[in-house]
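Quick notes on the structure that follows.
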Amino acid sequence: MNNSSIAPCGVICDICLGFQRSKNKCVGCNNTGNKPYHCTVCSITNCEEKKGNKKLLCYECNKFPCRRIKDLDKRYIAKYGESPIQNLRRIKEIGLDSFIESEKAKWKCSECGHLLCVHKEVCYNCGNLNDYFPTT
Ligand SMILES: [Zn+2]
């Protein structure tokens with residue numbers, strides 16, 4: 001995880017299944033290369049408010065939080081118990097570097113040290129339980 005790991009919407013690419021898996025691996029939102037189709041057509045990354053600066057984090061926008069990001073946030077909270085909007089608010093408050101450091105510590109698997117995956121209830125590397133995954 002580093003300062004290019006945060007998508008404009010506040011999603012942390014390094015803890016995404018697409019980023020962690022070995023097959024058909026995604027390069028992450030801020031990098032050029034293989035990405036899932038829905039990420040290449042993402043209405044947030046391609047938002048006209050960014051005026052060509054795709055790396056602009058959404059909290060820097062006058063329209064934040066817009067409907068698009070609120071919709072994403074709702075889905076993320078419901079499915080994974082995580083809020084991209086909250087991530088962006090924390091970045092604004094404590095700065096990107098401190099945010100990255102705290103997220104690295106938060107998502108570190110207590111068994112193997114690998115980053116946990118927000119999309120999986122167990123560590124993708126060792127199978128240890130992901131305590132942040134919502135129980136249904
Ligand atoms: Zn693990």
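Going through the structure tokens in order, the chains are called A, B, and so on, while each chain numbers its residues from 1 and the ligands are numbered from 1 in the order shown.
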
Residues contacting ligand 1 - anything with an atom at most 6 Å away, using only C-alpha atoms and all ligand atoms - can you give me those as a VMD selection string? chain A and resid 109 111 to 114 123 125 to 128

DSSP on the backbone: which residues in chain A end up as alpha helix (DSSP H)? Give the answer as a PyMOL selection string. chain A and resi 17-20+37-40+67-80+84-94+96-106

What does the file look like for those residues with N, CA and C atoms, as a short mmCIF file (atom, residue, chain, number, x, y, z; two decimals), in the first residue's frame?
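again_2.cif, freshly written:
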```
data_model
loop_
_atom_site.label_atom_id
_atom_site.label_comp_id
_atom_site.auth_asym_id
_atom_site.auth_seq_id
_atom_site.Cartn_x
_atom_site.Cartn_y
_atom_site.Cartn_z
N LEU A 17 -10.00 -7.66 -3.96
CA LEU A 17 -9.73 -9.01 -4.46
C LEU A 17 -9.05 -8.97 -5.83
N GLY A 18 -9.49 -8.06 -6.70
CA GLY A 18 -8.92 -7.95 -8.04
C GLY A 18 -7.44 -7.62 -8.02
N PHE A 19 -7.03 -6.90 -7.01
CA PHE A 19 -5.63 -6.49 -6.87
C PHE A 19 -4.79 -7.60 -6.25
N GLN A 20 -5.38 -8.39 -5.37
CA GLN A 20 -4.62 -9.40 -4.62
C GLN A 20 -4.50 -10.74 -5.32
N TYR A 37 -13.44 -4.51 -16.44
CA TYR A 37 -14.17 -3.60 -17.32
C TYR A 37 -14.92 -2.52 -16.55
N HIS A 38 -15.61 -2.90 -15.45
CA HIS A 38 -16.42 -1.91 -14.73
C HIS A 38 -15.55 -0.79 -14.15
N CYS A 39 -14.27 -1.06 -13.94
CA CYS A 39 -13.37 -0.01 -13.44
C CYS A 39 -12.91 0.93 -14.56
N THR A 40 -12.79 0.40 -15.78
CA THR A 40 -12.36 1.26 -16.89
C THR A 40 -13.49 2.22 -17.30
N ARG A 67 -23.81 12.36 -5.69
CA ARG A 67 -24.70 11.20 -5.71
C ARG A 67 -23.96 9.90 -6.06
N ARG A 68 -23.06 10.01 -7.06
CA ARG A 68 -22.32 8.83 -7.50
C ARG A 68 -21.53 8.20 -6.36
N ILE A 69 -20.83 9.05 -5.62
CA ILE A 69 -19.99 8.51 -4.55
C ILE A 69 -20.85 8.06 -3.37
N LYS A 70 -21.98 8.70 -3.15
CA LYS A 70 -22.88 8.25 -2.09
C LYS A 70 -23.45 6.87 -2.40
N ASP A 71 -23.76 6.64 -3.69
CA ASP A 71 -24.27 5.32 -4.10
C ASP A 71 -23.22 4.24 -3.87
N LEU A 72 -21.99 4.54 -4.27
CA LEU A 72 -20.88 3.60 -4.07
C LEU A 72 -20.69 3.32 -2.58
N ASP A 73 -20.74 4.37 -1.80
CA ASP A 73 -20.54 4.27 -0.36
C ASP A 73 -21.59 3.36 0.28
N LYS A 74 -22.84 3.53 -0.13
CA LYS A 74 -23.93 2.69 0.39
C LYS A 74 -23.67 1.21 0.09
N ARG A 75 -23.29 0.94 -1.17
CA ARG A 75 -23.02 -0.45 -1.55
C ARG A 75 -21.87 -1.03 -0.74
N TYR A 76 -20.82 -0.25 -0.57
CA TYR A 76 -19.65 -0.73 0.15
C TYR A 76 -19.95 -0.99 1.62
N ILE A 77 -20.71 -0.10 2.22
CA ILE A 77 -21.05 -0.29 3.64
C ILE A 77 -21.92 -1.53 3.80
N ALA A 78 -22.91 -1.68 2.90
CA ALA A 78 -23.82 -2.82 3.00
C ALA A 78 -23.11 -4.14 2.78
N LYS A 79 -22.21 -4.18 1.78
CA LYS A 79 -21.59 -5.47 1.44
C LYS A 79 -20.34 -5.78 2.23
N TYR A 80 -19.55 -4.74 2.53
CA TYR A 80 -18.23 -5.01 3.12
C TYR A 80 -17.99 -4.30 4.46
N PRO A 84 -15.96 4.22 1.77
CA PRO A 84 -14.98 5.02 1.02
C PRO A 84 -15.06 6.51 1.35
N ILE A 85 -16.27 7.02 1.62
CA ILE A 85 -16.42 8.44 1.98
C ILE A 85 -15.71 8.72 3.30
N GLN A 86 -15.87 7.80 4.24
CA GLN A 86 -15.17 7.95 5.52
C GLN A 86 -13.65 7.94 5.31
N ASN A 87 -13.17 7.09 4.42
CA ASN A 87 -11.74 7.08 4.10
C ASN A 87 -11.28 8.45 3.62
N LEU A 88 -12.06 9.03 2.70
CA LEU A 88 -11.68 10.34 2.14
C LEU A 88 -11.71 11.43 3.20
N ARG A 89 -12.67 11.35 4.10
CA ARG A 89 -12.74 12.35 5.17
C ARG A 89 -11.55 12.22 6.10
N ARG A 90 -11.12 11.01 6.33
CA ARG A 90 -9.93 10.81 7.18
C ARG A 90 -8.66 11.29 6.48
N ILE A 91 -8.58 11.06 5.16
CA ILE A 91 -7.41 11.54 4.41
C ILE A 91 -7.33 13.06 4.51
N LYS A 92 -8.49 13.70 4.37
CA LYS A 92 -8.54 15.16 4.47
C LYS A 92 -8.08 15.62 5.86
N GLU A 93 -8.48 14.86 6.86
CA GLU A 93 -8.21 15.24 8.24
C GLU A 93 -6.76 14.98 8.66
N ILE A 94 -6.24 13.79 8.36
CA ILE A 94 -4.91 13.42 8.88
C ILE A 94 -3.83 13.39 7.81
N LEU A 96 -2.69 12.02 3.61
CA LEU A 96 -2.63 10.74 2.90
C LEU A 96 -1.62 9.77 3.53
N ASP A 97 -0.44 10.27 3.88
CA ASP A 97 0.60 9.39 4.42
C ASP A 97 0.18 8.73 5.74
N SER A 98 -0.39 9.51 6.64
CA SER A 98 -0.84 8.95 7.92
C SER A 98 -1.99 7.98 7.71
N PHE A 99 -2.86 8.31 6.77
CA PHE A 99 -3.97 7.41 6.47
C PHE A 99 -3.45 6.06 5.99
N ILE A 100 -2.50 6.09 5.04
CA ILE A 100 -1.93 4.85 4.51
C ILE A 100 -1.30 4.02 5.63
N GLU A 101 -0.55 4.68 6.50
CA GLU A 101 0.10 3.95 7.60
C GLU A 101 -0.94 3.28 8.50
N SER A 102 -2.02 4.00 8.81
CA SER A 102 -3.02 3.42 9.71
C SER A 102 -3.78 2.29 9.03
N GLU A 103 -4.03 2.41 7.72
CA GLU A 103 -4.75 1.34 7.00
C GLU A 103 -3.87 0.10 6.84
N LYS A 104 -2.58 0.32 6.62
CA LYS A 104 -1.64 -0.81 6.53
C LYS A 104 -1.69 -1.63 7.81
N ALA A 105 -1.70 -0.94 8.93
CA ALA A 105 -1.73 -1.62 10.23
C ALA A 105 -3.07 -2.30 10.44
N LYS A 106 -4.15 -1.60 10.05
CA LYS A 106 -5.49 -2.13 10.24
C LYS A 106 -5.71 -3.44 9.48
#
```

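The smallest atom-to-atom distance between Ile12 (chain A) and any of A:Ser83, A:Thr32, A:Asn46, A:Asn24, using only C-alpha atoms, is found for A:Ser83.
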